Amino acid sequence: MSDLVSVAGLRKVYPDGTEAVRDIDFGVREGEFFGFLGPNGAGKSTTMKMLITLLPPTGGTVTIAGLTLGRDDKKIREVIGYAAQDVSVDEDLTGLENLVLSGRLYHLSHADATRRARELLDVAGLADVSAKRAGFYSGGMRRRLDLAQALMHRPRLLFLDEPTTGLDPQNRRAMWDELEKLNRDGTTIFLTTQYMEEADTLCERLAIIDHGTIVSEGSPAALKASLGGEVLTLTFPTDGPEVLQGLIARGAAALRGLRGLLDVREAEREVIANLADGAHEILPEALRALSANGVEARIAVSPPTLDDVFIKTTGHALRHEEGKPTRWKFGARRRGRR
Amino acid sequence: MEVRRATAGETVVETARVTFALFVRSLKRTVRRPVFLTISLFQPLVWLFLFSQVMKNFAKASLPPGVSYVTLFAPAVMLQTIMFGSFQSGMAMVSDIEFGLMDKFLVSPINRTAILLGRTLADGARMFVQGLIIIVLSMALGVRFVHGPQGVLAALLLAVVFGLGLSSLSNTVALRTKNSETTLMVMNFFLFPLLFMSPALVPRQALPSWVVAIGRINPVAYAVEGARNLMVGIVEHGALRTSVDWGQLGLAVLFLLGVAVLGMTLARMAFRKATT
């Protein structure tokens, strides 16, 4: 089966010379739940904006549903749906009006758009507030309305740019359920996220992206299995940065050279090592080595997470710091109006 | 995958439908915001009732006998309201960009012309209603329109044409700067001097001769005199003309159409640049 989305050598260099996306290749299969996992500024949104015809690529070829990006953009727009990182609802229109307008943009008749809008308002749990202006909606309601907008024309392929950023855990969980249901019903989904757990829960296959490059790709299970066995983590009960640095260095030194421990790494706040299969018996040995070196540390052994995969492949942890806003022509950014 | 090719006729009808949907959306947004009522009703009330009272005696010396200040001032208030309301268009454009609505339009398979066209039509409708409100208020103040409803309608259309030129210019600034404060500032920066160097607030006879000379290239002067021409009559030889001055009107129409065409062309160029 050929890919619904296939990307080869995609690049984006901004006019100021910043290389946001550097020569990436990947594919998304029909019916798949595919994800881009990476920190802010990794190139996730830039890649997505190129795929949805909003931002012209600097180089590379992209085909979506057999259509060529750059040549068949208008037809591509007909098969895709998109929900941006920041919700794009018109606060002066009611929930229903927002949806009907979206339907009109996809050439539905007014009657069809209204029917479909009512259907989606029910699903999104917004039927009661459908006649209220979206300006009065809560954050979670706006997200659901925004997703409903993207679904008005029943797109074959749905692009979601960080669909749960800013949602509380309960709303996030509900959004996941909704997305999983959509995917089960046959919609191919491509999402970007900076949340490990989200990628792990939702995606059948994901690409880890950092500094504009795909550093690894595969199913979450395969990515974690590629690390080998379990992961040993040392954490230190101190806050002083200099003390912490010293402890990390000494802790790592104590662990290096122990048989059964692979690839001892110093991270920003901890020491991480991979455990060879069935090497639990070295734990007492590790504790002895640490105390012999006068290092007081908490030691934990756990199955690998995507975080470990990320650290292993990029050399740094995935953190949710506030990054630079995504740059593109319009620089569409919220001004904190509620 | 089978892709059906739409015929040219279908495409035109489809674009018209989308344009209409975007037109309705812009109008809803306009009337649902309190700023609309402020600009369209309260400000003109202040100008017509308060400012004209303040200016009444002051301007008497340069007014023809029997002509009230408010008579000459009413067409100018109509124009001012439309002129200074024209920025709303550019500011709404910035807000659409900031709130991601522009992206939503751009990622849909519409003919992109509909985005600007829908907005422009909504601007025109808004300006028409704003002008109409002033006309009704002026009638309540006893202003007589010498050329009847046709004259008033023609003056209103002339003002709307000028207003659309200005709203297109505000969209141009908006698309280039993506900043609503800048949009407001740039437009104010140009419009206030043009307003003061026109016979809008002060009768032409009372203006210094160099200002009158500048008036030959000042679109606001053409618009004000054109609106007076069609509504209440132009002051000539110490009296109000009772017939339309076709020479003045012709020049005004040409000049203001020129501003509209220029504005729309620039807005279209800015839109293309911003979206490709």
# chains A, B, ... in the order shown; residues from 1 in each chain; ligands from 1
call {"tool": "residues_around", "arguments": {"residues": "Phe128 of chain B", "least_positions_apart": "4", "cutoff": "10 Å", "atoms": "only C-alpha atoms", "output": "PyMOL selection string"}}
result
chain B and resi 78+82+122-124+132-133+153+156-157+159-161+163
call {"tool": "write_last_selection", "arguments": {"atoms": "C-alpha atoms", "output": "PDB file, in the first residue's frame"}}
result
ATOM      1  CA  MET B  78     -21.021  61.827   7.034  1.00  0.00           C
ATOM      2  CA  ILE B  82     -16.989  56.834   7.002  1.00  0.00           C
ATOM      3  CA  ALA B 122     -19.036  44.127   4.341  1.00  0.00           C
ATOM      4  CA  ASP B 123     -17.077  47.392   4.686  1.00  0.00           C
ATOM      5  CA  GLY B 124     -19.260  48.943   2.001  1.00  0.00           C
ATOM      6  CA  LEU B 132     -27.549  56.731   6.427  1.00  0.00           C
ATOM      7  CA  ILE B 133     -27.603  57.254  10.208  1.00  0.00           C
ATOM      8  CA  LEU B 153     -28.045  58.564  -2.362  1.00  0.00           C
ATOM      9  CA  LEU B 156     -23.643  58.452   0.047  1.00  0.00           C
ATOM     10  CA  LEU B 157     -22.337  56.202  -2.735  1.00  0.00           C
ATOM     11  CA  ALA B 159     -18.568  58.599   0.220  1.00  0.00           C
ATOM     12  CA  VAL B 160     -18.670  54.786   0.281  1.00  0.00           C
ATOM     13  CA  VAL B 161     -16.392  54.593  -2.771  1.00  0.00           C
ATOM     14  CA  GLY B 163     -14.301  54.876   2.214  1.00  0.00           C
TER      15      GLY B 163
END
call {"tool": "interface_residues", "arguments": {"of": "chain A", "to": "chain B", "cutoff": "10 Å", "atoms": "only C-alpha atoms", "output": "PDB file with C-alpha atoms, in the first residue's frame"}}
result
ATOM      1  CA  LYS A  49       2.522  24.231   7.936  1.00  0.00           C
ATOM      2  CA  ILE A  52      -1.000  21.883   4.801  1.00  0.00           C
ATOM      3  CA  THR A  53      -0.026  24.370   2.040  1.00  0.00           C
ATOM      4  CA  LEU A  54       0.373  27.373   4.357  1.00  0.00           C
ATOM      5  CA  LEU A  55       4.122  27.707   4.044  1.00  0.00           C
ATOM      6  CA  PRO A  56       6.141  27.118   0.881  1.00  0.00           C
ATOM      7  CA  ALA A  65      -3.214  11.439  -1.489  1.00  0.00           C
ATOM      8  CA  GLY A  66      -1.334  11.246  -4.775  1.00  0.00           C
ATOM      9  CA  LEU A  67      -1.374  15.040  -5.170  1.00  0.00           C
ATOM     10  CA  ASP A  73      -2.488  22.730  -3.417  1.00  0.00           C
ATOM     11  CA  LYS A  74      -6.146  23.486  -3.848  1.00  0.00           C
ATOM     12  CA  LYS A  75      -7.033  19.803  -4.221  1.00  0.00           C
ATOM     13  CA  ILE A  76      -4.839  18.923  -1.268  1.00  0.00           C
ATOM     14  CA  ARG A  77      -6.837  21.433   0.797  1.00  0.00           C
ATOM     15  CA  GLU A  78      -9.987  19.526  -0.020  1.00  0.00           C
ATOM     16  CA  VAL A  79      -8.772  16.234   1.469  1.00  0.00           C
ATOM     17  CA  ILE A  80      -7.156  17.586   4.619  1.00  0.00           C
ATOM     18  CA  GLY A  81      -8.425  19.078   7.851  1.00  0.00           C
ATOM     19  CA  TYR A  82      -6.302  21.175  10.193  1.00  0.00           C
ATOM     20  CA  ALA A  83      -6.515  22.344  13.771  1.00  0.00           C
ATOM     21  CA  ALA A  84      -3.833  24.796  14.815  1.00  0.00           C
ATOM     22  CA  GLN A  85      -1.853  24.891  18.014  1.00  0.00           C
ATOM     23  CA  ASP A  86      -3.804  27.961  19.089  1.00  0.00           C
ATOM     24  CA  VAL A  87      -7.498  27.494  18.529  1.00  0.00           C
ATOM     25  CA  SER A  88      -8.903  29.523  15.685  1.00  0.00           C
ATOM     26  CA  VAL A  89     -12.499  30.242  16.505  1.00  0.00           C
ATOM     27  CA  ASP A  90     -14.260  33.518  15.804  1.00  0.00           C
ATOM     28  CA  GLU A  91     -15.209  34.839  19.224  1.00  0.00           C
ATOM     29  CA  ASP A  92     -17.933  37.058  17.806  1.00  0.00           C
ATOM     30  CA  LEU A  93     -19.744  34.130  16.231  1.00  0.00           C
ATOM     31  CA  GLU A  97     -22.085  29.911  13.289  1.00  0.00           C
ATOM     32  CA  ASN A  98     -18.393  29.055  13.520  1.00  0.00           C
ATOM     33  CA  VAL A 100     -21.439  26.550   9.556  1.00  0.00           C
ATOM     34  CA  LEU A 101     -18.865  29.043   8.277  1.00  0.00           C
ATOM     35  CA  SER A 102     -16.230  26.281   8.233  1.00  0.00           C
ATOM     36  CA  GLY A 103     -18.618  24.083   6.272  1.00  0.00           C
ATOM     37  CA  ARG A 104     -19.230  26.888   3.793  1.00  0.00           C
ATOM     38  CA  LEU A 105     -15.481  27.181   3.251  1.00  0.00           C
ATOM     39  CA  TYR A 106     -15.550  23.553   2.149  1.00  0.00           C
ATOM     40  CA  HIS A 107     -18.416  24.193  -0.231  1.00  0.00           C
ATOM     41  CA  LEU A 108     -21.185  22.591   1.811  1.00  0.00           C
ATOM     42  CA  SER A 109     -24.616  24.112   1.248  1.00  0.00           C
ATOM     43  CA  HIS A 110     -26.029  26.087   4.140  1.00  0.00           C
ATOM     44  CA  GLN A 149     -14.398  22.880  12.653  1.00  0.00           C
ATOM     45  CA  ALA A 150     -11.640  20.775  11.189  1.00  0.00           C
ATOM     46  CA  LYS A 329       4.726  34.605   7.466  1.00  0.00           C
ATOM     47  CA  PHE A 330       1.800  35.731   9.591  1.00  0.00           C
ATOM     48  CA  GLY A 331       3.296  34.844  12.952  1.00  0.00           C
ATOM     49  CA  ALA A 332      -0.232  34.160  14.152  1.00  0.00           C
ATOM     50  CA  ARG A 333       0.073  34.535  17.883  1.00  0.00           C
ATOM     51  CA  ARG A 334      -2.464  35.074  20.575  1.00  0.00           C
ATOM     52  CA  ARG A 335      -2.571  38.372  22.412  1.00  0.00           C
ATOM     53  CA  ARG A 337      -7.590  38.078  24.773  1.00  0.00           C
TER      54      ARG A 337
END
call {"tool": "residues_around", "arguments": {"residues": "segment 126-128 of chain A", "least_positions_apart": "4", "cutoff": "8 Å", "atoms": "only C-alpha atoms", "output": "VMD selection string"}}
result
chain A and resid 95 118 121 to 122 141 145
call {"tool": "residues_around", "arguments": {"residues": "Thr47 of chain A", "least_positions_apart": "4", "cutoff": "9 Å", "atoms": "only C-alpha atoms", "output": "mmCIF file with C-alpha atoms, in the first residue's frame"}}
result
data_model
loop_
_atom_site.group_PDB
_atom_site.id
_atom_site.type_symbol
_atom_site.label_atom_id
_atom_site.label_comp_id
_atom_site.auth_asym_id
_atom_site.auth_seq_id
_atom_site.Cartn_x
_atom_site.Cartn_y
_atom_site.Cartn_z
ATOM 1 C CA LEU A 10 11.825 18.426 2.847
ATOM 2 C CA ARG A 11 13.626 21.587 3.919
ATOM 3 C CA LYS A 12 12.709 24.996 5.221
ATOM 4 C CA ALA A 20 13.917 25.127 10.719
ATOM 5 C CA VAL A 21 13.599 21.825 8.861
ATOM 6 C CA GLY A 43 10.495 22.084 13.465
ATOM 7 C CA LEU A 51 2.276 20.019 4.444
ATOM 8 C CA ILE A 52 -1.000 21.883 4.801
ATOM 9 C CA LEU A 55 4.122 27.707 4.044
ATOM 10 C CA PRO A 57 9.011 24.635 1.386
ATOM 11 C CA GLY A 212 14.842 20.181 12.308
#
